[in-house]
Amino acid sequence: MLSPFLFPLHILLLFTFSTNQPSLAADNTTPSSSMSRHELETLYKIMESLSADQDWRVAYPNPCQPGSGWQGIECKHSTPDNLFHVTRLDLGTFPNPSCKNSATFPPEIFHLPNLDAIFIFQCFTNAPTRITIPPNNLLPASPLQQLSLRSNSALIGTIPPQISTLKSLKILTLSQNRLMGQIPTEIFTSSALVHLDLSYNALTGAIPLELGNLGNLVGLDLSYNKLTGPIPSAIGELRILQKLDLSSNLLTGTIPDSINHLQSLVFLALSSNRLHGAFPKGLINLHSLQYFLMDSNPMSVSLPVELGQLKKLQELRLSNSGYSGTIPSAYSQLLNLSSLSLQNNKLSGKIPDAFSNLSHIYHLNLSRNFLEGVVPFNSTFLKRLGRNLDLSGNLGLCLSPSAAYDGVGVGVCGDNNRISSKPIKTSEAALLQCSTLLFTFFTILSFHHTNYYF
C-alpha cells in the first residue's frame with residue numbers, strides 16, 4: 001500500500017491574507033492584545049488542548065501583534081470593529097507548534113469568528129479523538145473555507161454530518177486518518193465545496209447518489225477506502241471536475257456512461273477495484289484527460305480503441321486486468337504519452353510498428369502477455385528507455401540482431417537462449433505516487449491565481 005506520507009505537496013495548501021498595523025483597542029479588548037477578550041480566550045483554549053510547547057497565555061499575550069513571533073498563526077485587522085482577528089491556524093509540524101501526546105480535537109475552532117483556514121497535520125497520534133462540531137443552534141455563522149485534518153492516526157469515528165453547517169467551506173481534506181463508517185449524505189449539500197479529499201481512511205458503504213449536487217467541485221479523492229457498489233451515474237453532474245480518484249476501493253460494475261460529461265477531467269484513477277466490462281463509448285469526449293490509471297480491475301475485454309483519440313494523455317495504466325486481443329495501433333497516435341503500462345494481461349499479436357514514434361515515452365511495460373514477432377524498436381529507442389522498458393514474459397517476441405540490447409527481457413531472433421522474463425523493477429504504487437505528485441504540482445501551478453490551492 002502506498003505510504004500516506006508520500007504526498008508532501010498537500011502541505012502547500014494555503015490561503016493568502018494581509019496584515020495591517022493595529023489601531024486603538026475597543027472597550028471589549030484586553031489592553032495589550034487589540035483582540036476581543038472572547039476571541040483571545042477561545043484561541044488559548046484551542047492551543048491548550050493541542051500543544052504543550054509553552055504557556056501560550058504568558059508567551060503570547062498579544063498573538064496578533066506584528067512581530068509577536070507566534071508561528072502558525074495569521075491575523076487580519078478589521079476596520080469595522082477596529083480589532084485583530086485570527087484567520088488561519090497551522091499545527092503539527094515544524095516550524096508551527098507541535099502537538100502534545102494527549103492532544104484532542106478542539107471544537108472551539110468553530111467559534112473563532114473570522115477563521116478562514118485551519119491545518120492540523122500529524123497531531124492526533126496517541127489519544128483517540130473524534131471530529132466534534134457544536135450543535136447548529138450553538139454554532140455561529142462560520143466563515144471557515146478550508147478545513148484540513150491530515151495524517152492523524154488517532155483521529156477515529158465517523159465523519160459528522162454537521163460539517164454541512166459550514167456553509168462557506170470550499171476545501172475539505174480529511175485524508176490519512178482512521179475515520180470509518182459511511183460518507184454522510186449531508187456533505188453533498190455543501191454546494192460551495194471545490195475540493196473534497198477523504199482518502200486513506202476506512203470508509204465503507206456506497207458512494208452517495210447525492211454526489212451530483214456538488215456542481216462546483218473541481219477535485220474529488222475517495223481513494224484507499226473500503227467503498228462498495230457501483231460508481232453512481234450522478235458523477236456526470238460534476239461538469240467542471242478536473243481530478244477524480246476512486247482507486248483502491250471495492251467498487252463494482254462498469255464505468256457509467258455519464259462519465260463522458262466530465263470534459264474538464266485531467267486526472268482519472270480507478271485502479272485496484274472490481275470494475276469490469278466494456279468502456280463507455282463516450283470516453284472519447286474526455287479531451288482534457290492527461291492521466292488515466294485503471295490497472296488491477298477484472299475487465300476481461302479488449303483494449304478500447306477510443307483511448308487513441310485522447311491526444312493529451314501522458315500516462316495510461318491498464319495492467320493486470322485480463323485484457324485480450326491486440327494492442328490497438330491507434331495508441332501510437334498518443335504522442336504526448338510518457339508512460340504506458342499494459343503488463344500482465346492476455347494481449348497477443350505484434351507490438352504496433354508506430355510505437356517507435358512515441359518520442360516522449362520514458363516508461364513502457366508490455367511484459368507477461370502473449371505478444372509475438374520482432375520488436376519494432378531500434379537501438380536508439382532501446383537505449384533511451386533503458387531499464388524503463390520491460391518486454392519480458394512474451395515468449396514469441398525477439399529483437400532483430402541490429403537492435404540487440406540487454407535488459408529488456410527479450411533475446412535476439414534466432415537465438416535459442418532467448419530471455420523470456422526478468423524481475424519486476426518498479427512497483428505500481430511508486431508509479432501512482434509519481435502520477436499523483438505530478439498532477440498535484442501542476443494543479444497548484446494552474447490555480448496560483450486563486451486564494452486557495454489543492
# chains A, B, ... in the order shown; residues from 1 in each chain; ligands from 1
>>> residues_around(residues="Gly229 in chain A", least_positions_apart="5", cutoff="6 Å", atoms="only C-alpha atoms", output="PDB file with N, CA, C and O atoms, in the first residue's frame")
ATOM      1  N   ALA A 206     -21.713   2.647   0.041  1.00  0.00           N
ATOM      2  CA  ALA A 206     -21.726   3.121  -1.339  1.00  0.00           C
ATOM      3  C   ALA A 206     -21.393   4.609  -1.406  1.00  0.00           C
ATOM      4  O   ALA A 206     -21.537   5.340  -0.426  1.00  0.00           O
ATOM      5  N   LEU A 251     -15.137  -1.110  -5.457  1.00  0.00           N
ATOM      6  CA  LEU A 251     -16.208  -0.714  -6.359  1.00  0.00           C
ATOM      7  C   LEU A 251     -16.432  -1.776  -7.435  1.00  0.00           C
ATOM      8  O   LEU A 251     -15.491  -2.398  -7.926  1.00  0.00           O
ATOM      9  N   THR A 252     -17.689  -1.959  -7.818  1.00  0.00           N
ATOM     10  CA  THR A 252     -18.062  -2.990  -8.794  1.00  0.00           C
ATOM     11  C   THR A 252     -18.841  -2.354  -9.947  1.00  0.00           C
ATOM     12  O   THR A 252     -19.130  -1.161  -9.955  1.00  0.00           O
TER      13      THR A 252
END
>>> residues_around(residues="range 213-215 of chain A", least_positions_apart="2", cutoff="8 Å", atoms="only C-alpha atoms", output="list of chain:residue names")
A:Phe188, A:Thr189, A:Ser190, A:Ser191, A:Ala192, A:Leu193, A:Glu210, A:Leu211, A:Leu217, A:Glu237, A:Leu238, A:Arg239, A:Ile240
>>> residues_around(residues="Ser151 in chain A", least_positions_apart="4", cutoff="6 Å", atoms="only C-alpha atoms", output="VMD selection string")
chain A and resid 121 to 122 176 to 177
>>> write_last_selection(atoms="N, CA and C atoms", output="short mmCIF file (atom, residue, chain, number, x, y, z; two decimals), in the first residue's frame")
data_model
loop_
_atom_site.label_atom_id
_atom_site.label_comp_id
_atom_site.auth_asym_id
_atom_site.auth_seq_id
_atom_site.Cartn_x
_atom_site.Cartn_y
_atom_site.Cartn_z
N PHE A 121 -1.87 18.70 11.08
CA PHE A 121 -1.14 17.65 10.39
C PHE A 121 -0.31 16.84 11.39
N GLN A 122 -0.50 15.51 11.41
CA GLN A 122 0.24 14.62 12.31
C GLN A 122 0.17 15.13 13.75
N GLN A 176 -5.88 10.37 5.31
CA GLN A 176 -4.84 9.69 6.07
C GLN A 176 -5.11 9.72 7.57
N ASN A 177 -6.37 9.45 7.92
CA ASN A 177 -6.78 9.32 9.31
C ASN A 177 -7.31 7.91 9.52
#
>>> atom_distance(atom1="CA of Met47 in chain A", atom2="CA of Asn82 in chain A")
24.4 Å
>>> select_by_dssp(residues="range 317-429 of chain A", states="strand (DSSP E)", output="ChimeraX atom specification")
/A:317,324-325,339-341,346-349,363-365,370-374,389-390,396-398
>>> residues_around(residues="Gln146 in chain A", least_positions_apart="6", cutoff="8 Å", atoms="only C-alpha atoms", output="PyMOL selection string")
chain A and resi 116-118+169-172
>>> write_last_selection(atoms="N, CA, C and O atoms", output="compact mmCIF listing (two decimals), in the first residue's frame")
# COMPACT_ATOMS: atom_id res chain seq x y z
N ASP A 116 -10.61 31.52 8.59
CA ASP A 116 -10.83 31.09 7.21
C ASP A 116 -10.27 29.70 6.95
O ASP A 116 -10.80 28.95 6.11
N ALA A 117 -9.15 29.35 7.61
CA ALA A 117 -8.47 28.09 7.28
C ALA A 117 -7.77 27.54 8.51
O ALA A 117 -7.17 28.28 9.28
N ILE A 118 -7.85 26.21 8.67
CA ILE A 118 -7.10 25.55 9.73
C ILE A 118 -6.50 24.26 9.17
O ILE A 118 -7.17 23.51 8.45
N LEU A 169 -17.54 26.51 3.48
CA LEU A 169 -16.46 25.56 3.26
C LEU A 169 -16.26 25.27 1.78
O LEU A 169 -17.18 24.87 1.08
N LYS A 170 -15.03 25.49 1.31
CA LYS A 170 -14.68 25.23 -0.08
C LYS A 170 -13.74 24.03 -0.23
O LYS A 170 -13.79 23.33 -1.22
N ILE A 171 -12.87 23.82 0.76
CA ILE A 171 -11.90 22.73 0.68
C ILE A 171 -11.97 21.92 1.97
O ILE A 171 -11.72 22.44 3.06
N LEU A 172 -12.31 20.64 1.84
CA LEU A 172 -12.38 19.74 3.00
C LEU A 172 -11.42 18.59 2.75
O LEU A 172 -11.60 17.80 1.82
>>> closest_atom_pairs(of="range 227-320 of chain A", to="range 333-349 of chain A", cutoff="10 Å", atoms="only C-alpha atoms", output="CSV")
residue,atom,partner,partner_atom,distance
A:Gln290,CA,A:Leu337,CA,8.6
A:Tyr291,CA,A:Leu337,CA,9.4
A:Leu293,CA,A:Ser341,CA,9.3
A:Met294,CA,A:Ser341,CA,9.9
A:Asp295,CA,A:Ser341,CA,8.3
A:Ser296,CA,A:Asn344,CA,9.5
A:Ser300,CA,A:Asn345,CA,8.9
A:Val301,CA,A:Lys346,CA,9.8
A:Ser302,CA,A:Leu347,CA,8.6
A:Leu303,CA,A:Leu347,CA,8.9
A:Leu307,CA,A:Leu334,CA,8.7
A:Gly308,CA,A:Leu334,CA,6.2
A:Gln309,CA,A:Leu334,CA,7.6
A:Leu310,CA,A:Leu334,CA,7.1
A:Lys311,CA,A:Leu334,CA,5.3
A:Lys312,CA,A:Asn336,CA,6.1
A:Leu313,CA,A:Leu337,CA,5.7
A:Gln314,CA,A:Leu337,CA,4.0
A:Glu315,CA,A:Ser339,CA,4.7
A:Leu316,CA,A:Leu340,CA,5.0
A:Arg317,CA,A:Ser341,CA,4.7
A:Leu318,CA,A:Leu342,CA,5.3
A:Ser319,CA,A:Leu342,CA,4.3
A:Asn320,CA,A:Asn344,CA,4.8
>>> closest_atom_pairs(of="range 198-231 of chain A", to="range 254-265 of chain A", cutoff="10 Å", atoms="only C-alpha atoms", output="CSV")
residue,atom,partner,partner_atom,distance
A:Val218,CA,A:Leu265,CA,8.8
A:Gly219,CA,A:Leu265,CA,9.4
A:Pro230,CA,A:Thr254,CA,7.3
A:Ile231,CA,A:Pro256,CA,6.7
>>> write_last_selection(atoms="N, CA and C atoms", output="PDB file, in the first residue's frame")
ATOM      1  N   VAL A 218     -14.103  20.624  -8.146  1.00  0.00           N
ATOM      2  CA  VAL A 218     -13.003  20.519  -9.096  1.00  0.00           C
ATOM      3  C   VAL A 218     -12.140  19.294  -8.794  1.00  0.00           C
ATOM      4  N   GLY A 219     -12.024  18.918  -7.526  1.00  0.00           N
ATOM      5  CA  GLY A 219     -11.214  17.767  -7.133  1.00  0.00           C
ATOM      6  C   GLY A 219     -11.968  16.862  -6.183  1.00  0.00           C
ATOM      7  N   PRO A 230     -21.548   0.353  -7.171  1.00  0.00           N
ATOM      8  CA  PRO A 230     -21.123   0.935  -8.453  1.00  0.00           C
ATOM      9  C   PRO A 230     -20.713   2.403  -8.312  1.00  0.00           C
ATOM     10  N   ILE A 231     -20.031   2.891  -9.333  1.00  0.00           N
ATOM     11  CA  ILE A 231     -19.791   4.335  -9.440  1.00  0.00           C
ATOM     12  C   ILE A 231     -21.107   4.970  -9.845  1.00  0.00           C
TER      13      ILE A 231
END
>>> select_by_dssp(residues="range 230-355 of chain A", states="helix (DSSP H, G or I)", output="PyMOL selection string")
chain A and resi 233-237+257-261+281-285+305-309+329-333+353-355
